[in-house]
Every structure is written in structure tokens, then in C-alpha cells.
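Written out below as C-alpha cells is the structure these notes cover.
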Amino acid sequence: GRRVTVRDIAAAKERHEKWPMLTAYDALTARVFDEAGIPVLLVGDSAAMVVYGYDSTIPVTVEDLIPLTAAVVRGSKRAMVVADLPFGSYQTGVAEGLATATRFLKETGAHAVKLEGGRRVLPQAEAMVAAGIPVMGHLGLTPQSVNVFGGYRVQGRGQAGDELMADAKALEAAGAFAVVLECVPEDLAARVTASLSIPTIGIGAGDGTDAQVLVWQDMAGLTPHTAKFVKKYADLQTILGDAARSYADEVVGGAFPAPEHSYH
Ligand code: KIV
Ligand code: NA
């Protein structure tokens, strides 16, 4: 079959169908999630932390993310793949933002891009949409602005909620096809969802959004420390650790390789 498209995403909102998004950073996990029926895979700049070991998303570059994004496209068949634009690759201006988004589509095969911010990046979003590039917005706790927020904390409380609503409406008007709402009060996320005709994708935003997203290593229990909004659906840290210990024990003890693992 064919890939999920922005039209499928739009139709899901009209039918009030909720859907899941997961991050992916390599071909094998992309394949697992694709075969599990996850319709949209995000190659997040969270790769900065979960792939590259940085303590924020600030340092990761276009050169770091392009090969990962290409691998996720190659590893999946049905999912729509969204490329996250890293810090510094679009805030610097419309021309650079458009050049970056264009590179991701041409060099990776991704089907859409995601950028952080509302009205402050609207000219970039409009230029990308005009160029034929589907744009996903991201509001609330936008990790590329962690140094302005002074930490990873809930956004959009009180007056800031009105600003977030205005940003969401501006993104919709600019032609964005969806918007991520990260770490915002659930009532604000529900109000934004009801006010937009494009889908909202929540992370730490309660159950009132059209879709949900989690970083896969958080959802699968590989990340040591996670936020309150994460639910762990597996304990990969224990499963992988046990596998590595069993392998080590069998190599040291001589049980591996056995005759069936050897060529005679
Ligand atoms: O980079 C990322 O993984 C993200 C999602 C958490 C929305 O932006
Ligand atoms: Na991101």
C-alpha cells in the first residue's frame, strides 16, 4: 500500500479518530513501528539526547539529522515521515529555513518538516508551505528555547495560554497541517484542539488532543529518567541489560557459541 498523507491526517480529525505518533531514528525501529501501524514517524531533534548523548536539543545539526531521517524513510513503508528541523537551521531567516526544509525533503525522502514556535517563525512556515512542503508546528514547551524558559517546565499557564492559542491559529492560517502541543495544561490543549481545524498532537498535554506523541525510548523504558507525562509500555532497559549479561556470561563460560552457531 501507499504511505499515509496529510489528507489522511486531515480526514482523521473530521472523523474524530485519535492516532499515535512515535519518534524513530533508525531503519530497524522505523520498521517495527511501521509494521505496528504507527501512521506518522517523527525523526525528532530529540536525537540530540537519545542518539547523540547531548543534554539538550540545542547542539544537534542538520548534518547529524539527515542520515537518521533517510534511514527512517528507508526502514518504513506506510508511515508518513516528519523531519524535525534543528535549532539554528530556520530561526535565522526565511531563506535559510526554506533551504533547510528543502534539503530534508530532497536528501532524505521525508514527507514533511516540523519547526518550533508560532508567530515568530510564521514567515518561514508560510514560505515552506508555498514551496510545497507540509509543515507541522510545535508550541508550548519547545525544547530549543530551554534557555529562555529556564528549564523544562509546563508552558501556557494563565495569560501565556492566550498567546499559545494565537500562535496555534496563526500556524493554521499559515497552512500548517498539524501542531504539536508539548507540556501544556490539558484544558488549554483541549481548547486549542476545539478551535483548530488541523489536528493537535499532544505530549504532556492531556487526553483532549487529536493525536499523541512520545519519544520511543521513553515509551519503551530505555530512557533512565523521564517526565511525568511519559507512560512506559515496556522495560527495555531491563530486557537489553539482561540480554547483554546473558551473552557476556555465556562467552566467558564457553556456552556461546554452541555447535549450531558454527560452520562445519
Ligand atoms: O524531538 C522530538 O522528539 C519532538 C517530539 C517530542 C514532539 O519534538
Ligand atoms: Na523536537
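Please note that chains go A, B, ... in the order of the C-alpha cells, that every chain numbers its residues from 1, and that ligands are numbered from 1 in the order shown.
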Margin query: Need to verify the contact set: Leu98 (chain A), 9 Å, only C-alpha atoms, exclusion of same-chain residues closer than 5 positions in sequence. Can you return it as a ChimeraX atom specification?
Written below: /A:90,93,103,124-125,127-128,131
Next item on the list: Would you mind listing what lies within 9 Å of Gln237 (chain A) as a PyMOL selection string, with only C-alpha atoms counted and same-chain residues fewer than 3 positions away left out?
Entry: chain A and resi 220-224+234+240-242
Selection file, C-alpha atoms, as a PDB file, in the first residue's frame:
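Done, and the output landed in out.pdb:
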ATOM      1  CA  ALA A 220       9.689   1.649  25.742  1.00  0.00           C
ATOM      2  CA  GLY A 221      11.542   2.190  29.022  1.00  0.00           C
ATOM      3  CA  LEU A 222      15.050   2.677  27.690  1.00  0.00           C
ATOM      4  CA  THR A 223      15.490   6.249  28.980  1.00  0.00           C
ATOM      5  CA  PRO A 224      16.649   6.290  32.622  1.00  0.00           C
ATOM      6  CA  ALA A 234       7.946  -1.890  28.077  1.00  0.00           C
ATOM      7  CA  LEU A 240      18.544  -5.308  26.939  1.00  0.00           C
ATOM      8  CA  GLY A 241      20.633  -5.318  30.100  1.00  0.00           C
ATOM      9  CA  ASP A 242      19.628  -8.938  30.814  1.00  0.00           C
TER      10      ASP A 242
END
Item checked: Polymer residues at most 7 Å from region 61-71 of chain A, only C-alpha atoms, same-chain spacing of 6 or more positions, as a list in words -> Tyr25, Asp26, Ala27, Val43, Ala83, Pro86, Phe104, Thr108, Gly109 and Ala110 of chain A
File dump, residues just selected, N, CA and C atoms, as an mmCIF file, in the first residue's frame:
data_model
loop_
_atom_site.group_PDB
_atom_site.id
_atom_site.type_symbol
_atom_site.label_atom_id
_atom_site.label_comp_id
_atom_site.auth_asym_id
_atom_site.auth_seq_id
_atom_site.Cartn_x
_atom_site.Cartn_y
_atom_site.Cartn_z
ATOM 1 N N TYR A 25 14.607 6.883 14.771
ATOM 2 C CA TYR A 25 15.907 7.469 14.397
ATOM 3 C C TYR A 25 16.752 6.506 13.560
ATOM 4 N N ASP A 26 16.219 5.314 13.282
ATOM 5 C CA ASP A 26 16.996 4.318 12.534
ATOM 6 C C ASP A 26 16.037 3.386 11.793
ATOM 7 N N ALA A 27 16.584 2.607 10.883
ATOM 8 C CA ALA A 27 15.761 1.797 9.983
ATOM 9 C C ALA A 27 15.016 0.669 10.702
ATOM 10 N N VAL A 43 11.224 12.034 13.069
ATOM 11 C CA VAL A 43 12.654 11.967 13.364
ATOM 12 C C VAL A 43 12.970 13.242 14.139
ATOM 13 N N ALA A 83 10.371 15.259 9.375
ATOM 14 C CA ALA A 83 11.749 15.638 9.730
ATOM 15 C C ALA A 83 11.715 16.864 10.639
ATOM 16 N N PRO A 86 16.430 21.243 13.108
ATOM 17 C CA PRO A 86 17.188 21.518 14.336
ATOM 18 C C PRO A 86 17.369 23.013 14.613
ATOM 19 N N PHE A 104 16.005 18.644 3.583
ATOM 20 C CA PHE A 104 15.464 17.446 4.240
ATOM 21 C C PHE A 104 14.591 16.650 3.280
ATOM 22 N N THR A 108 16.468 13.197 2.110
ATOM 23 C CA THR A 108 16.057 12.091 2.985
ATOM 24 C C THR A 108 14.798 11.388 2.506
ATOM 25 N N GLY A 109 13.998 12.041 1.692
ATOM 26 C CA GLY A 109 12.711 11.455 1.305
ATOM 27 C C GLY A 109 11.621 11.687 2.333
ATOM 28 N N ALA A 110 11.906 12.468 3.381
ATOM 29 C CA ALA A 110 10.862 12.794 4.368
ATOM 30 C C ALA A 110 9.711 13.501 3.669
#
Checklist line | Near-ligand residues for ligand 2, threshold 9 Å, only C-alpha atoms and all ligand atoms, as an MDAnalysis selection string | finding: chainID A and resid 42:47 57 84:86 114:116 138 142:144
Only N, CA and C atoms, please: the residues just picked out, written as a PDB file, in the first residue's frame.
ATOM      1  N   LEU A  42       8.165  10.585  13.575  1.00  0.00           N
ATOM      2  CA  LEU A  42       8.890  11.850  13.673  1.00  0.00           C
ATOM      3  C   LEU A  42      10.353  11.565  13.948  1.00  0.00           C
ATOM      4  N   VAL A  43      11.224  12.034  13.069  1.00  0.00           N
ATOM      5  CA  VAL A  43      12.654  11.967  13.364  1.00  0.00           C
ATOM      6  C   VAL A  43      12.970  13.242  14.139  1.00  0.00           C
ATOM      7  N   GLY A  44      12.799  13.156  15.461  1.00  0.00           N
ATOM      8  CA  GLY A  44      12.890  14.327  16.326  1.00  0.00           C
ATOM      9  C   GLY A  44      14.327  14.804  16.500  1.00  0.00           C
ATOM     10  N   ASP A  45      14.442  16.116  16.781  1.00  0.00           N
ATOM     11  CA  ASP A  45      15.764  16.604  17.174  1.00  0.00           C
ATOM     12  C   ASP A  45      16.092  16.132  18.590  1.00  0.00           C
ATOM     13  N   SER A  46      15.122  15.427  19.222  1.00  0.00           N
ATOM     14  CA  SER A  46      15.412  14.696  20.458  1.00  0.00           C
ATOM     15  C   SER A  46      16.527  13.678  20.229  1.00  0.00           C
ATOM     16  N   ALA A  47      16.855  13.383  18.967  1.00  0.00           N
ATOM     17  CA  ALA A  47      18.044  12.585  18.641  1.00  0.00           C
ATOM     18  C   ALA A  47      19.280  13.170  19.318  1.00  0.00           C
ATOM     19  N   THR A  57      18.553  19.733  23.141  1.00  0.00           N
ATOM     20  CA  THR A  57      18.461  19.582  21.680  1.00  0.00           C
ATOM     21  C   THR A  57      19.246  20.671  20.945  1.00  0.00           C
ATOM     22  N   ASP A  84      12.299  16.732  11.820  1.00  0.00           N
ATOM     23  CA  ASP A  84      12.370  17.861  12.754  1.00  0.00           C
ATOM     24  C   ASP A  84      13.528  18.765  12.336  1.00  0.00           C
ATOM     25  N   LEU A  85      13.266  20.055  12.220  1.00  0.00           N
ATOM     26  CA  LEU A  85      14.338  20.992  11.843  1.00  0.00           C
ATOM     27  C   LEU A  85      15.097  21.404  13.099  1.00  0.00           C
ATOM     28  N   PRO A  86      16.430  21.243  13.108  1.00  0.00           N
ATOM     29  CA  PRO A  86      17.188  21.518  14.336  1.00  0.00           C
ATOM     30  C   PRO A  86      17.369  23.013  14.613  1.00  0.00           C
ATOM     31  N   LYS A 114       9.007  19.696  10.698  1.00  0.00           N
ATOM     32  CA  LYS A 114       8.448  20.297  11.904  1.00  0.00           C
ATOM     33  C   LYS A 114       9.371  21.398  12.393  1.00  0.00           C
ATOM     34  N   LEU A 115       8.787  22.503  12.808  1.00  0.00           N
ATOM     35  CA  LEU A 115       9.568  23.586  13.399  1.00  0.00           C
ATOM     36  C   LEU A 115       8.909  24.069  14.680  1.00  0.00           C
ATOM     37  N   GLU A 116       9.701  24.665  15.557  1.00  0.00           N
ATOM     38  CA  GLU A 116       9.217  25.136  16.859  1.00  0.00           C
ATOM     39  C   GLU A 116       8.889  26.620  16.801  1.00  0.00           C
ATOM     40  N   HIS A 138       4.918  23.355  16.414  1.00  0.00           N
ATOM     41  CA  HIS A 138       5.257  22.821  17.751  1.00  0.00           C
ATOM     42  C   HIS A 138       5.222  23.992  18.718  1.00  0.00           C
ATOM     43  N   THR A 142       8.790  24.200  23.930  1.00  0.00           N
ATOM     44  CA  THR A 142       9.583  23.993  22.728  1.00  0.00           C
ATOM     45  C   THR A 142      11.052  23.907  23.188  1.00  0.00           C
ATOM     46  N   PRO A 143      11.615  22.684  23.201  1.00  0.00           N
ATOM     47  CA  PRO A 143      12.906  22.480  23.873  1.00  0.00           C
ATOM     48  C   PRO A 143      14.067  23.312  23.304  1.00  0.00           C
ATOM     49  N   GLN A 144      13.957  23.753  22.046  1.00  0.00           N
ATOM     50  CA  GLN A 144      15.036  24.589  21.501  1.00  0.00           C
ATOM     51  C   GLN A 144      15.104  25.939  22.207  1.00  0.00           C
TER      52      GLN A 144
END
Excluding region 148-164 of chain A and its own-chain neighbours fewer than 2 positions away, which residues fall within 9 Å of it when counting only C-alpha atoms? Please give them as a JSON list (two decimals) with N, CA and C atoms, in the first residue's frame.
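Listed below is the output, out.json:
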[["chain", "number", "residue", "atom", "x", "y", "z"],
["A", 118, "GLY", "N", 5.53, 29.83, 17.04],
["A", 118, "GLY", "CA", 4.32, 30.25, 16.34],
["A", 118, "GLY", "C", 4.56, 31.47, 15.48],
["A", 139, "LEU", "N", 4.27, 23.94, 19.68],
["A", 139, "LEU", "CA", 4.07, 25.04, 20.63],
["A", 139, "LEU", "C", 4.10, 24.50, 22.06],
["A", 140, "GLY", "N", 4.19, 25.43, 23.01],
["A", 140, "GLY", "CA", 4.23, 25.05, 24.42],
["A", 140, "GLY", "C", 5.68, 24.94, 24.86],
["A", 141, "LEU", "N", 6.03, 23.79, 25.44],
["A", 141, "LEU", "CA", 7.43, 23.57, 25.82],
["A", 141, "LEU", "C", 8.21, 23.21, 24.55],
["A", 142, "THR", "N", 8.79, 24.20, 23.93],
["A", 142, "THR", "CA", 9.58, 23.99, 22.73],
["A", 142, "THR", "C", 11.05, 23.91, 23.19],
["A", 143, "PRO", "N", 11.62, 22.68, 23.20],
["A", 143, "PRO", "CA", 12.91, 22.48, 23.87],
["A", 143, "PRO", "C", 14.07, 23.31, 23.30],
["A", 145, "SER", "N", 14.05, 26.31, 22.97],
["A", 145, "SER", "CA", 14.03, 27.57, 23.72],
["A", 145, "SER", "C", 14.24, 27.34, 25.21],
["A", 146, "VAL", "N", 14.84, 26.20, 25.58],
["A", 146, "VAL", "CA", 15.00, 25.87, 27.01],
["A", 146, "VAL", "C", 15.74, 26.98, 27.77],
["A", 166, "ALA", "N", -3.20, 32.04, 20.15],
["A", 166, "ALA", "CA", -2.98, 32.91, 18.99],
["A", 166, "ALA", "C", -1.92, 32.32, 18.06],
["A", 167, "ASP", "N", -0.88, 31.74, 18.64],
["A", 167, "ASP", "CA", 0.17, 31.09, 17.83],
["A", 167, "ASP", "C", -0.40, 29.91, 17.05],
["A", 168, "ALA", "N", -1.24, 29.12, 17.71],
["A", 168, "ALA", "CA", -1.83, 27.95, 17.05],
["A", 168, "ALA", "C", -2.70, 28.38, 15.86],
["A", 169, "LYS", "N", -3.51, 29.43, 16.08],
["A", 169, "LYS", "CA", -4.37, 29.91, 14.99],
["A", 169, "LYS", "C", -3.53, 30.49, 13.85],
["A", 182, "GLU", "N", 3.24, 20.66, 23.49],
["A", 182, "GLU", "CA", 4.08, 19.95, 24.47],
["A", 182, "GLU", "C", 3.99, 20.59, 25.84],
["A", 183, "CYS", "N", 3.69, 19.76, 26.83],
["A", 183, "CYS", "CA", 3.75, 20.15, 28.24],
["A", 183, "CYS", "C", 2.94, 21.43, 28.50],
["A", 184, "VAL", "N", 1.65, 21.35, 28.21],
["A", 184, "VAL", "CA", 0.74, 22.48, 28.48],
["A", 184, "VAL", "C", -0.45, 21.93, 29.27],
["A", 185, "PRO", "N", -1.15, 22.79, 30.02],
["A", 185, "PRO", "CA", -2.32, 22.32, 30.78],
["A", 185, "PRO", "C", -3.34, 21.67, 29.85],
["A", 188, "LEU", "N", -6.13, 23.84, 28.28],
["A", 188, "LEU", "CA", -5.67, 24.69, 27.17],
["A", 188, "LEU", "C", -5.54, 23.86, 25.89],
["A", 192, "VAL", "N", -7.51, 24.53, 22.41],
["A", 192, "VAL", "CA", -6.82, 24.74, 21.13],
["A", 192, "VAL", "C", -7.33, 23.71, 20.12],
["A", 204, "GLY", "N", 2.34, 15.36, 26.97],
["A", 204, "GLY", "CA", 2.17, 16.05, 28.24],
["A", 204, "GLY", "C", 1.11, 17.13, 28.13]]
Next item on the list: Give the answer as one residue: which of A:Ala24, A:Thr209, A:Thr193, A:Glu35 has the shortest atom-to-atom distance to ligand 1, using only C-alpha atoms and all ligand atoms?
Entry: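 Among the listed residues, A:Ala24 lies closest to ligand 1.
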Shell around Arg2 (chain A) at 12 Å using only C-alpha atoms, local window under 3 positions removed, as a PDB file with N, CA and C atoms, in the first residue's frame:
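Below is the file that was written, out.pdb:
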ATOM      1  N   THR A   5      -0.755  10.154   4.176  1.00  0.00           N
ATOM      2  CA  THR A   5      -0.505  11.514   3.683  1.00  0.00           C
ATOM      3  C   THR A   5      -1.193  12.548   4.581  1.00  0.00           C
ATOM      4  N   ASP A   8      -4.912  12.043   4.771  1.00  0.00           N
ATOM      5  CA  ASP A   8      -5.377  11.050   5.748  1.00  0.00           C
ATOM      6  C   ASP A   8      -5.429  11.664   7.150  1.00  0.00           C
ATOM      7  N   PRO A  39       1.003   5.577  12.224  1.00  0.00           N
ATOM      8  CA  PRO A  39       0.843   6.240  10.929  1.00  0.00           C
ATOM      9  C   PRO A  39       1.853   7.353  10.649  1.00  0.00           C
ATOM     10  N   SER A  76      10.798   2.302   6.631  1.00  0.00           N
ATOM     11  CA  SER A  76       9.332   2.285   6.725  1.00  0.00           C
ATOM     12  C   SER A  76       8.710   2.219   5.341  1.00  0.00           C
ATOM     13  N   LYS A  77       7.466   1.719   5.310  1.00  0.00           N
ATOM     14  CA  LYS A  77       6.762   1.613   4.023  1.00  0.00           C
ATOM     15  C   LYS A  77       5.482   2.429   3.998  1.00  0.00           C
ATOM     16  N   ARG A  78       4.804   2.495   5.151  1.00  0.00           N
ATOM     17  CA  ARG A  78       3.464   3.049   5.178  1.00  0.00           C
ATOM     18  C   ARG A  78       3.388   4.380   5.910  1.00  0.00           C
ATOM     19  N   ALA A  79       4.259   4.575   6.868  1.00  0.00           N
ATOM     20  CA  ALA A  79       4.175   5.779   7.700  1.00  0.00           C
ATOM     21  C   ALA A  79       4.577   7.028   6.928  1.00  0.00           C
ATOM     22  N   MET A  80       3.951   8.149   7.300  1.00  0.00           N
ATOM     23  CA  MET A  80       4.431   9.454   6.880  1.00  0.00           C
ATOM     24  C   MET A  80       5.604   9.804   7.792  1.00  0.00           C
TER      25      MET A  80
END
Members of region 81-219 of chain A assigned strand (DSSP E or B) by DSSP, as a CSV table (one decimal) with N, CA and C atoms, in the first residue's frame:
chain,number,residue,atom,x,y,z
A,81,VAL,N,6.7,10.3,7.2
A,81,VAL,CA,7.9,10.6,8.0
A,81,VAL,C,8.1,12.1,8.1
A,82,VAL,N,8.1,12.6,9.3
A,82,VAL,CA,8.3,14.0,9.5
A,82,VAL,C,9.7,14.3,10.0
A,83,ALA,N,10.4,15.3,9.4
A,83,ALA,CA,11.7,15.6,9.7
A,83,ALA,C,11.7,16.9,10.6
A,84,ASP,N,12.3,16.7,11.8
A,84,ASP,CA,12.4,17.9,12.8
A,84,ASP,C,13.5,18.8,12.3
A,112,ALA,N,7.4,15.7,5.3
A,112,ALA,CA,7.0,16.9,6.0
A,112,ALA,C,8.2,17.4,6.9
A,113,VAL,N,8.1,18.6,7.4
A,113,VAL,CA,9.0,19.1,8.4
A,113,VAL,C,8.3,19.6,9.6
A,114,LYS,N,9.0,19.7,10.7
A,114,LYS,CA,8.4,20.3,11.9
A,114,LYS,C,9.4,21.4,12.4
A,135,VAL,N,4.1,21.5,6.7
A,135,VAL,CA,4.7,21.9,7.9
A,135,VAL,C,3.9,21.5,9.1
A,136,MET,N,4.6,21.0,10.1
A,136,MET,CA,4.0,20.7,11.4
A,136,MET,C,4.5,21.7,12.4
A,137,GLY,N,3.7,22.3,13.1
A,137,GLY,CA,4.1,23.3,14.1
A,137,GLY,C,4.4,22.6,15.5
A,138,HIS,N,4.9,23.4,16.4
A,138,HIS,CA,5.3,22.8,17.8
A,138,HIS,C,5.2,24.0,18.7
A,139,LEU,N,4.3,23.9,19.7
A,139,LEU,CA,4.1,25.0,20.6
A,139,LEU,C,4.1,24.5,22.1
A,140,GLY,N,4.2,25.4,23.0
A,140,GLY,CA,4.2,25.1,24.4
A,140,GLY,C,5.7,24.9,24.9
A,178,ALA,N,-0.6,20.3,11.0
A,178,ALA,CA,-0.8,19.8,12.3
A,178,ALA,C,0.1,20.6,13.3
A,179,VAL,N,-0.2,20.5,14.6
A,179,VAL,CA,0.6,21.2,15.5
A,179,VAL,C,0.8,20.4,16.8
A,180,VAL,N,2.1,20.2,17.2
A,180,VAL,CA,2.4,19.6,18.5
A,180,VAL,C,2.2,20.5,19.6
A,181,LEU,N,1.6,20.1,20.7
A,181,LEU,CA,1.4,20.9,21.9
A,181,LEU,C,2.1,20.1,23.0
A,182,GLU,N,3.2,20.7,23.5
A,182,GLU,CA,4.1,20.0,24.5
A,182,GLU,C,4.0,20.6,25.8
A,200,THR,N,-4.2,18.5,16.5
A,200,THR,CA,-3.2,18.8,17.5
A,200,THR,C,-2.7,17.4,18.0
A,201,ILE,N,-1.4,17.4,18.3
A,201,ILE,CA,-0.7,16.2,18.7
A,201,ILE,C,-0.1,16.5,20.1
A,202,GLY,N,-0.6,15.9,21.1
A,202,GLY,CA,-0.2,16.2,22.4
A,202,GLY,C,1.0,15.4,22.9
A,203,ILE,N,1.8,16.0,23.8
A,203,ILE,CA,2.8,15.3,24.6
A,203,ILE,C,2.8,16.0,25.9
A,211,ALA,N,-4.2,13.7,18.6
A,211,ALA,CA,-3.2,12.7,18.5
A,211,ALA,C,-2.3,12.8,19.7
A,212,GLN,N,-1.4,11.8,19.8
A,212,GLN,CA,-0.4,11.8,20.9
A,212,GLN,C,0.9,11.5,20.3
A,213,VAL,N,2.0,12.0,20.9
A,213,VAL,CA,3.4,11.6,20.5
A,213,VAL,C,4.2,11.3,21.7
A,214,LEU,N,5.1,10.3,21.6
A,214,LEU,CA,6.1,10.1,22.7
A,214,LEU,C,7.4,9.8,22.0
Next item on the list: Tell me which of A:Trp216, A:Phe33, A:Trp19, A:Tyr52 sits closest to ligand 1, counting only C-alpha atoms and all ligand atoms.
Entry: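 Result for the nearest residue to ligand 1: A:Trp216.
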Next item on the list: Would you please give, as a PyMOL selection string, all residues of region 60-116 of chain A that DSSP assigns to helix (DSSP H, G or I) based on the backbone?
Entry: chain A and resi 62-75+94-108
Item checked: Nearest to ligand 1 by atom-to-atom distance, counting only C-alpha atoms and all ligand atoms, from A:Thr92, A:Asn147, A:Thr23, A:Ser197 ->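 When distances to ligand 1 are compared using only C-alpha atoms and all ligand atoms, the smallest one comes from A:Thr23.
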Item checked: Distance query Val230 (chain A) at most 7 Å, only C-alpha atoms, self and fewer than 3 positions along chain excluded, as a list in words ->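 Residues near the query, excluding close chain neighbours: Asp218, Met219, Thr226 and Ala227 of chain A.
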Save out the residues we just selected, C-alpha atoms, as an mmCIF file, in the first residue's frame.
data_model
loop_
_atom_site.group_PDB
_atom_site.id
_atom_site.type_symbol
_atom_site.label_atom_id
_atom_site.label_comp_id
_atom_site.auth_asym_id
_atom_site.auth_seq_id
_atom_site.Cartn_x
_atom_site.Cartn_y
_atom_site.Cartn_z
ATOM 1 C CA ASP A 218 10.785 6.920 26.796
ATOM 2 C CA MET A 219 7.689 4.904 25.854
ATOM 3 C CA THR A 226 11.516 10.578 32.138
ATOM 4 C CA ALA A 227 8.912 13.291 32.703
#
Checklist line | Which residue of A:Gly1, A:Gly254, A:Gly75, A:Gly132 approaches Val32 (chain A) most closely, using only C-alpha atoms | finding: A:Gly75
